[in-house]
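Trainee: Mind having a look at this structure? Questions to follow.
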Amino acid sequence: MAWLEVLRAGARTTVQDRGRPGYARLGVGVSGAADIVAHDGANRLVGNDPRAATLEVTLGGLRVRAVGPATLAVTGARTPLTVNGEPRPHYSTLHVRDGDEVVLGLATAGLRAYLAVRGGVDVAPVLGSRATDTLSGIGPEPIRDGDRLPVGSLHGELPIEELIPPPAPPGDPVELRVRTGPRDDWFTPASLAALVHRTWTVSTDTDRVGARLDGPGPLHRSRHGELPSEGMVTGALQVPPNGMPVLFLADHPVTGGYPVIAVVVEDDIPAAAQLRPGCRIKFRQLRR
């Protein structure tokens, strides 16, 4: 039986897959990989079934030892990647031997890297998923130094290509497309204009639940009553009483009581998941 021995867990490393949809009625969110495109790319490079779990590594710092030969791939945030001290490329298939040490250094761009092992990280599933939901606590515990992660068998044939192109570097500011609503009518016209005309900055208060944004001034409501709790989705821009929006990510709450002024389109969620503190954002409004 092969496994990965965690010599150094890094700042925040969790097991993630494509999540556990269908349990919102029980108060359980989908969770899963924050950057699903990078997660899927890593699985593709090692020939994994799409259901296979990867390691989501926040800001880098992971060091693992292969126990038994393994095939790996790393995608997502740009982190210095070495095998036994030798630099190796991202977005490529890596064949390692028993005892080889794989190190992800500190990310130089982006926030979340994904390490896939052929067969998948074989921790026990909860409600059909191996994803760690950091808000609810459902799923495996975050990775710690000394953990031994078994390698599963969720794989098919290895792909013909052993290298895929990484995504283009994001702009500065990063453009995220949004559709206004469902509660845009709770805000003044000036605030709706400010949402898309201002440049926003990701604050230090950011995690898998969401990212609080800073800007030159708050968004003002046109209505000041209480809003009953309603369903939330990934990409929702919820505005609490201080007027500074919060961008919900993979582990967002299932419901919320503050109005949502707009929602980031699904195709731009992976880019949103790679925003680190200090990154600048411009929202571009799409027609409904």
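Labels for the structure tokens follow display order: chains A, B, ..., residues from 1 in each chain, ligands from 1.
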Please provide as an NGL selection string all residues within 6 Å of Ala236 in chain A, with the sequence filter that same-chain residues fewer than 6 positions apart are discarded (counting only C-alpha atoms).

Mentor: :A and (247-248 or 263)

Trainee: For the structure I just gave you, how does DSSP split range 90-220 of chain A - specifically, which residues are strand (DSSP E or B)? Reply as a ChimeraX atom specification.

Mentor: /A:92,94-96,101-104,106,109-117,121,126,129,148-151,155,163,174-180,187,200-206,210-214

Trainee: Quick one: of A:Gly156, A:Gly181, A:Gly217, A:Pro125, who's nearest to Glu141 in chain A, counting only C-alpha atoms?

Mentor: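 Counting only C-alpha atoms, the residue closest to Glu141 in chain A is A:Pro125.
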
Trainee: Hey, could you make a per-residue contact list for range 10-69 of chain A against range 183-207 of chain A with 12 Å as the cut-off, showing the nearest pair of atoms and its distance in Å to one decimal, counting only C-alpha atoms, sorted by chain and number, as a Markdown table?

Mentor:
```
| residue | atom | partner | partner_atom | distance |
| --- | --- | --- | --- | --- |
| A:Ala11 | CA | A:Asp207 | CA | 11.7 |
| A:Arg12 | CA | A:Asp207 | CA | 9.7 |
| A:Thr13 | CA | A:Asp207 | CA | 11.9 |
| A:Ala34 | CA | A:Asp207 | CA | 10.0 |
| A:Thr58 | CA | A:Asp207 | CA | 9.2 |
| A:Leu59 | CA | A:Asp207 | CA | 11.3 |
```

Trainee: Enumerate, as a PyMOL selection string, the complete set of residues in range 153-283 of chain A that a backbone-based DSSP assignment places in helix (DSSP H, G or I).

Mentor: chain A and resi 184-186+189-197+266-273

Trainee: May I have the residues from that selection written out with N, CA and C atoms, as a CSV table (one decimal), in the first residue's frame?

Mentor:
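Final file, selection_39.csv:
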```
chain,number,residue,atom,x,y,z
A,184,ASP,N,-30.1,43.7,-5.4
A,184,ASP,CA,-29.5,45.0,-5.8
A,184,ASP,C,-30.5,46.2,-5.5
A,185,ASP,N,-31.8,45.9,-5.4
A,185,ASP,CA,-32.8,46.9,-5.1
A,185,ASP,C,-32.7,47.4,-3.7
A,186,TRP,N,-31.9,46.8,-2.8
A,186,TRP,CA,-31.7,47.3,-1.5
A,186,TRP,C,-30.6,48.3,-1.4
A,189,PRO,N,-28.6,53.8,-6.2
A,189,PRO,CA,-28.0,53.8,-7.5
A,189,PRO,C,-26.5,54.1,-7.5
A,190,ALA,N,-26.1,55.0,-6.6
A,190,ALA,CA,-24.7,55.4,-6.5
A,190,ALA,C,-23.9,54.2,-6.1
A,191,SER,N,-24.4,53.4,-5.2
A,191,SER,CA,-23.7,52.3,-4.7
A,191,SER,C,-23.6,51.2,-5.7
A,192,LEU,N,-24.6,51.0,-6.5
A,192,LEU,CA,-24.6,50.0,-7.6
A,192,LEU,C,-23.5,50.4,-8.6
A,193,ALA,N,-23.4,51.7,-8.9
A,193,ALA,CA,-22.4,52.2,-9.8
A,193,ALA,C,-21.0,52.1,-9.2
A,194,ALA,N,-20.9,52.3,-7.9
A,194,ALA,CA,-19.6,52.2,-7.2
A,194,ALA,C,-19.1,50.8,-7.2
A,195,LEU,N,-19.9,49.8,-7.1
A,195,LEU,CA,-19.5,48.4,-7.1
A,195,LEU,C,-18.6,48.1,-8.4
A,196,VAL,N,-19.0,48.6,-9.5
A,196,VAL,CA,-18.3,48.3,-10.7
A,196,VAL,C,-17.3,49.3,-11.2
A,197,HIS,N,-17.4,50.5,-10.6
A,197,HIS,CA,-16.5,51.6,-11.0
A,197,HIS,C,-15.3,51.7,-10.1
A,266,GLU,N,-19.9,31.9,-12.6
A,266,GLU,CA,-19.2,30.6,-12.2
A,266,GLU,C,-17.9,30.5,-12.9
A,267,ASP,N,-17.7,30.9,-14.1
A,267,ASP,CA,-16.4,30.7,-14.8
A,267,ASP,C,-15.3,31.6,-14.2
A,268,ASP,N,-15.6,32.6,-13.4
A,268,ASP,CA,-14.6,33.4,-12.8
A,268,ASP,C,-14.3,33.0,-11.3
A,269,ILE,N,-15.0,32.0,-10.8
A,269,ILE,CA,-14.8,31.6,-9.4
A,269,ILE,C,-13.3,31.1,-9.2
A,270,PRO,N,-12.8,30.3,-10.2
A,270,PRO,CA,-11.4,29.9,-10.0
A,270,PRO,C,-10.4,31.1,-9.8
A,271,ALA,N,-10.6,32.1,-10.6
A,271,ALA,CA,-9.7,33.3,-10.4
A,271,ALA,C,-9.9,33.9,-9.1
A,272,ALA,N,-11.2,34.0,-8.6
A,272,ALA,CA,-11.5,34.6,-7.3
A,272,ALA,C,-10.8,33.8,-6.2
A,273,ALA,N,-10.8,32.4,-6.4
A,273,ALA,CA,-10.2,31.6,-5.4
A,273,ALA,C,-8.7,31.8,-5.2
```

Trainee: Give me, as a Markdown table, each residue of range 48-137 of chain A that comes within 6 Å of range 16-30 of chain A, together with its shortest interatomic pair and the distance in Å at one decimal, counting only C-alpha atoms, with rows ordered by chain and rising residue number.

Mentor:
```
| residue | atom | partner | partner_atom | distance |
| --- | --- | --- | --- | --- |
| A:Ala53 | CA | A:Asp17 | CA | 4.4 |
| A:Thr54 | CA | A:Gln16 | CA | 5.5 |
| A:Ser129 | CA | A:Arg20 | CA | 5.5 |
| A:Ala131 | CA | A:Gln16 | CA | 4.1 |
```

Trainee: Applying 9 Å and only C-alpha atoms, which residues near Gly85 in chain A remain after dropping the ones on its own chain fewer than 3 positions away? List them as a list in words.

Mentor: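 Here the qualifying residues turn out to be Leu81, Thr82, Glu101, Val102 and Val103 of chain A.
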
Trainee: Can you pull out every residue within 7 Å of Thr234 in chain A, counting only C-alpha atoms, but drop anything in the same chain fewer than 4 positions away, and send it as a ChimeraX atom specification?

Mentor: /A:248-250,252

Trainee: Hey, what's within 12 Å of Pro80 in chain A if we count only C-alpha atoms and toss same-chain stuff fewer than 3 positions away? As number ranges by chain, please?

Mentor: A: 59-63, 74-77, 83, 85-90, 102-109, 113

Trainee: Based on the selection just made, write N, CA, C and O atoms of those residues as a CSV table (one decimal), in the first residue's frame.

Mentor:
```
chain,number,residue,atom,x,y,z
A,59,LEU,N,-0.9,29.0,0.2
A,59,LEU,CA,0.3,29.7,0.3
A,59,LEU,C,1.6,28.8,0.2
A,59,LEU,O,2.7,29.3,0.4
A,60,GLY,N,1.5,27.6,0.0
A,60,GLY,CA,2.6,26.7,-0.2
A,60,GLY,C,3.1,26.2,1.2
A,60,GLY,O,2.4,26.2,2.2
A,61,GLY,N,4.4,25.7,1.2
A,61,GLY,CA,5.0,25.3,2.4
A,61,GLY,C,4.8,23.8,2.7
A,61,GLY,O,5.2,23.3,3.7
A,62,LEU,N,4.3,23.0,1.7
A,62,LEU,CA,4.0,21.6,2.0
A,62,LEU,C,5.3,20.8,1.6
A,62,LEU,O,6.0,21.1,0.6
A,63,ARG,N,5.6,19.8,2.4
A,63,ARG,CA,6.7,18.9,2.2
A,63,ARG,C,6.2,17.4,2.5
A,63,ARG,O,5.8,17.1,3.6
A,74,VAL,N,1.3,19.0,-9.8
A,74,VAL,CA,1.0,20.2,-9.0
A,74,VAL,C,0.5,21.3,-9.9
A,74,VAL,O,1.1,21.6,-11.0
A,75,THR,N,-0.6,21.9,-9.6
A,75,THR,CA,-1.2,23.0,-10.4
A,75,THR,C,-1.6,24.1,-9.5
A,75,THR,O,-1.4,24.1,-8.3
A,76,GLY,N,-2.2,25.2,-10.1
A,76,GLY,CA,-2.7,26.3,-9.2
A,76,GLY,C,-1.6,27.4,-9.0
A,76,GLY,O,-0.9,27.8,-9.9
A,77,ALA,N,-1.6,27.9,-7.8
A,77,ALA,CA,-0.7,29.0,-7.4
A,77,ALA,C,0.8,28.6,-7.8
A,77,ALA,O,1.2,27.5,-7.7
A,83,VAL,N,11.7,18.1,-6.3
A,83,VAL,CA,11.8,16.7,-6.0
A,83,VAL,C,13.2,16.4,-5.6
A,83,VAL,O,14.1,16.5,-6.4
A,85,GLY,N,15.1,18.2,-4.0
A,85,GLY,CA,15.9,19.4,-4.1
A,85,GLY,C,16.1,19.9,-5.5
A,85,GLY,O,16.6,21.0,-5.7
A,86,GLU,N,15.6,19.1,-6.5
A,86,GLU,CA,15.7,19.5,-7.9
A,86,GLU,C,14.5,20.2,-8.4
A,86,GLU,O,13.4,19.6,-8.2
A,87,PRO,N,14.6,21.4,-9.0
A,87,PRO,CA,13.4,22.0,-9.5
A,87,PRO,C,12.6,21.2,-10.5
A,87,PRO,O,13.2,20.6,-11.4
A,88,ARG,N,11.3,21.2,-10.4
A,88,ARG,CA,10.4,20.5,-11.4
A,88,ARG,C,9.3,21.4,-11.8
A,88,ARG,O,8.9,22.3,-11.1
A,89,PRO,N,8.7,21.2,-13.0
A,89,PRO,CA,7.7,22.2,-13.5
A,89,PRO,C,6.3,21.9,-13.0
A,89,PRO,O,6.0,20.8,-12.7
A,90,HIS,N,5.6,23.0,-12.8
A,90,HIS,CA,4.1,22.9,-12.6
A,90,HIS,C,3.4,22.4,-13.8
A,90,HIS,O,3.9,22.4,-14.9
A,102,VAL,N,9.0,15.6,-2.0
A,102,VAL,CA,8.4,16.7,-2.8
A,102,VAL,C,8.1,17.9,-2.0
A,102,VAL,O,7.5,17.8,-0.9
A,103,VAL,N,8.6,19.1,-2.4
A,103,VAL,CA,8.4,20.3,-1.6
A,103,VAL,C,7.8,21.4,-2.4
A,103,VAL,O,8.2,21.6,-3.6
A,104,LEU,N,6.8,22.0,-1.9
A,104,LEU,CA,6.2,23.2,-2.5
A,104,LEU,C,6.6,24.4,-1.6
A,104,LEU,O,6.2,24.4,-0.4
A,105,GLY,N,7.3,25.3,-2.2
A,105,GLY,CA,7.8,26.5,-1.5
A,105,GLY,C,6.7,27.5,-1.3
A,105,GLY,O,5.5,27.2,-1.6
A,106,LEU,N,7.0,28.6,-0.8
A,106,LEU,CA,6.0,29.7,-0.6
A,106,LEU,C,5.5,30.2,-2.0
A,106,LEU,O,6.3,30.5,-2.8
A,107,ALA,N,4.2,30.4,-2.1
A,107,ALA,CA,3.7,30.9,-3.4
A,107,ALA,C,4.1,32.3,-3.7
A,107,ALA,O,4.1,33.2,-2.9
A,108,THR,N,4.5,32.5,-5.0
A,108,THR,CA,5.0,33.8,-5.4
A,108,THR,C,3.8,34.5,-6.1
A,108,THR,O,3.9,35.7,-6.3
A,109,ALA,N,2.8,33.8,-6.6
A,109,ALA,CA,1.6,34.3,-7.2
A,109,ALA,C,0.5,33.4,-7.0
A,109,ALA,O,0.7,32.2,-7.0
A,113,ALA,N,-2.5,26.0,-4.3
A,113,ALA,CA,-1.9,25.0,-5.2
A,113,ALA,C,-2.6,23.7,-4.9
A,113,ALA,O,-3.1,23.5,-3.8
```

Trainee: How many Å separate CA of Glu226 in chain A from CA of Thr134 in chain A?

Mentor: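 One can read the CA of Glu226 in chain A to CA of Thr134 in chain A distance as 28.0 Å.
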